[in-house]
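See structure below.
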Amino acid sequence: MREEEDQHMMDGDDEEIMIVDELDQDEETNQPFSLHTLPKRNFYLTRRGKILQSTTERYLRDDLGFGTMLVPSSDGKKQKADTIAGKITTLVPWTIDNVNSLWRTLTSTTNEWDEGGKANTIRLAVVDTNVLLHHMDVLEYLRDHNDDDDDDDSNGKQNKHHAIANAIIIPQTALEECRHRSLVMYRRATDLVRSSTSEDDGKNKRRKRCVIVFADVHHVDTQIKAATDDVINDENDARLRKVAEYYGRALYNFSQNKSSQSTMEVVFLSDDAASRKLALLEQPEADDGDGLYYKTRTMREHVTLLQKEDSTLNLLDMVAQFQTGGDNKSVKGDQDGGTAKNCYAPHIASSTLSHGLQTNSYYQGTYRSNRDSYEEGYVTIRRGEDRVAVVVEGMDDINRAVDGDVVALELFGVEKWLGGEGGDKGKTKDKDPKQDGDGNKKPKEVNTGIAADTAEPTLRDTDNITEEVPVDDEGQLRKPTGKVVGIIRRNFHKNYCGSICTIDATANTKKKNNKDADEEVHPDDVITAKHEREHPDGITCTVVFFSIDQRVPPILLRTTQRERLMGMRILVSIDSWPADSEYPLGHYVKTLGKSGTKDTETEVLLQEFRIPCEPFPAKVLACLPPADYKIELEPGRVDLRHLPVLSIDPPGCKDIDDALHCIELPNGNWQVGVHIADVTHYVEAGTAIDLEAANRSTSTYLVNKRLDMLPKLLTTDLCSLKGNVDRFAFSVLWEVTPEAEIVDAEFKKSIIHSIAALTYQQAQSLIDKPDKDSKDDIQAGAVKRLASLARKFRARRINAGALTLASPEVKFVLDSESLNPTDVQAYTLYEANALVEEFMLLANVTVAKKILRHYPTLSVLRRHPAPNRSMFDGLIQKAKTLGVSICIDDSKKLADSLDNAGKILSDDPYLDQLLRILSTRCMSPAQYFCSGEYQAKDWHHYGLAAPVYTHFTSPIRRYSDVCVHRLLAAAIGVAPLPVFLSSKSHLHDLAANMNRRHRAAQLAGRASVQLHTLIFFAGGDSDGDEDGGAKEEDAYVLDVNTSANSEPGFTVMVPRYGIEGKVRLSKIDKECLVRDPEKNSLGYKDASTGKMLAKVAVFDKVRVKIWVRSNRDRRELVVDLLEPKILADPAVLHSKDEIKEKKVGSSISKKKKMKLRRRK
């Protein structure tokens, strides 16, 4: 649209503002509605008394017909492009010129007659903005031809509807407004337009979907005369109704002249009650009381009608909800009003909110829920130059905000901030459920599962956000708290994965009648019993959906298929959260599969952690080299194919990032090379493949599959440094002495030829090979020299303070056919593993120093902050029970402490490993960052004891390494630095996304291990005792519940399986329980004598049983105590006492009998 605006000054004494919105005639031609322009004039008064005239001209056209849709190109050569991605259909715009073409387009999606000889209804739906924003799942719905959703195929009926209408009209006004309000939904709308393609059903080409874009803003026949007092929303609504009238009138007149028995129906879909009412008033009335030219319906009314016509259409569940009653009378407003009693305080009006933000009465920020609870979160706000995290706790203070919402926040007074003497005063009158009886914060509940590697990263580490601020001159720190008072922008465009929970009356009755039942009523069942209900329509009911993601509150769904969804994993979207609803309202999107099955649960975890798992789009694959591509030496590259380069990786590795070489130089020194795949040669900055890689940021490794950052052609072929083929590389070359003193380092773009792709075991065999047998062995000689240098580099790092930590990680042995786990094994580490690690660390440190010298404020680095002492307090106290002292003043002292502990605990080597595992978990994970965002003292990598560090060695699977490759290439002058790497703000966003994706990939990997652990202990397809089912194993006590009112129990680690879980002592008598917080122990004493009968302390070895408990669609690992038996079940003690009493009684009776005999 082209608009021109002119302003003219006119003198005038009139104090009133004069407005003329649109001129009815072109002044020169005196013709109504010029085909060229539609002028719009506005007059307004200045403060000085001058009147300004503003004229806007909109160009109109009379050749836009009935809209435009995308169709396959008619050019045979361009119709399908043959690329490495396969055949890509080329789409071109096509304008529907007249009503006859429109009719042919409508009937291209269906037959005019059904199989029974009855005329079908041809429908055309015009949608408004709110339908695009809230009902996109319904618009996108498309059922394949002859695909019956109903399980009963006996009736042989043909599916009547494959979409909500034969054609969907998206007016330009609605599309532009959708773009302004939500880019996510706008992109989905444009993808919907592109979906108008044809398919061959064997007889003729039928269109799967017909979506038409109508340029109502510039169409001469759809212009309106706006009232002077109209607001922009009312004007847009009027334009949309005009579009519906334009199509309705044309098809009505066409049907009067056409000898067709098919019923034609134009429907205006809108959830705005006021707009629907005006639609009826603006057109003649039909015999049925509806509009003559077009019908008006809400989306729910329309879908209900379709399902009455076609019972196999299960589409009503996808309709969005906006009110607790589900009537969807209007989607405008905040839904804070109504007659129902509100559960939450109303959100502040937008005008008041805007003024409050300007005066700093309120603060704007994004709400983020805590990972393990939707009832706690924080909002990041700006206070001066700092970004501060404000804690928001409790559903009332969160006030209907969900993770990702942009909210307005009101800060509480300092007396209500967390920390200090008054930090918790006045916050709540009721007892805090998160505190024990002594007022202390309860420890975080441990769910049985795979043990964590590190602590959760803090906001300071991930986003440089301050969590505590000083509140007085003495520097006392407190955490700010506040409450949400308004929602500025909703984040309702995500799909959440989980299951519905329904009322199980039988199970609840059993639990009530069985007084000895061990299981308590699950909290989900309590929520379900409160909110599940049938609706008066007799078709739908409200059920409660619980997301796998603990940050998401329960969601109330209105469904017609409760029984079909039970026991299934489904995707759900949130629609609204009215003030009178305790939980948000949402709609069903998709069924993933049966709960508990491996494939379904794998898809669930990918959805939960937002792992990109879609196939690479055609535009990305189009960036790949052609199929006949060959790697040849290019200008600017160094030919290193004469060097004995080799790689060392795990067995079966296909994405080989790195390779090594080590040769003797004439001067007696050695040349060492680390060669890394030159990914940036194939991934050009700013291209579609680069943007896709930046979004994914990392490859994700699950137990049974790998999700790559780059397409397979690069990941496992062109970039992978496989043996016996030429490959492009980015090489770091050092000259070192045999004593590992670095003489020089240089960086080269190169071409290499790997002579071998070794596994760790094969490399280890070369290291262990006697020197006399390896003199003429090139591979053995290179590996031995590398191993010698690696030992010296490692000793030097450890002397500098580098930590030697441990992980509870294990690996599964999978069945070759079912890929179910058949065994669990610990990782075997060889010296060859440490060899590769040392040279990768050396390369990363060397490259970090190089790029930092050239780009001191633009380098992508990796930092590992020193741990907070409070994170180590618990471990330090527990270690004292073993006679071990841990010092964390710096990494060197911590490393020495752990080494000394290993000597003290030499009788049980696993205790040394356990201390290292627990030390790792007291630290936050390392983070990517831009060097310009932090001071030099904060660049330090604590775990490696390195002043600067980066990631350079794995560009196939990490985007951070791709960025570093580009920085290094620019530093050595072989390529210019991409523009976006010159922007600190862009680098900040890149680093934030890389950190988020990296953490998500780690959590997804752990969740995959957890899933396969459940399958293993549930038995799976096993038929032998060693292949699955319940297992008995040794475990070590990690923590003991010593708080007075806490549940008796302790946390254990099972080394064999890397499992951490809570052991509950539910059968123990609390009066006989002895808690010792100082020694971190639990004991059981004799009630009569007070004698200690059994005791468990931290780091003790116990015997446990691991099994899987199933409760409907819930499955969880359970760890039960076997030894000490008295703690596991005190009834054992009583049974022993009874046996003793029987023995004593029988001996007494024998003595009495003997005395009687003697008397006789």
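The chains in the structure tokens are called A, B, ... from first to last as shown; in each chain the residues are counted from 1, and the ligands are counted from 1 in the order shown.
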
Those of region 754-841 of chain A in DSSP alpha helix (DSSP H), formatted as a ChimeraX atom specification: /A:760-768,778-800,831-841

Nearest to Val127 (chain A), chosen from A:Ser270, A:Asn495, A:Thr46, A:Thr56, with only C-alpha atoms counted in the distances: A:Ser270

Give me, as a Markdown table, each residue of region 593-704 of chain A that comes within 12 Å of region 530-547 of chain A, together with its shortest interatomic pair and the distance in Å at one decimal, counting only C-alpha atoms, with rows ordered by chain and rising residue number.
```
| residue | atom | partner | partner_atom | distance |
| --- | --- | --- | --- | --- |
| A:Val604 | CA | A:Ser547 | CA | 10.2 |
| A:Leu605 | CA | A:Ser547 | CA | 11.3 |
| A:Gln607 | CA | A:Ser547 | CA | 10.8 |
| A:Glu608 | CA | A:Ser547 | CA | 8.7 |
```
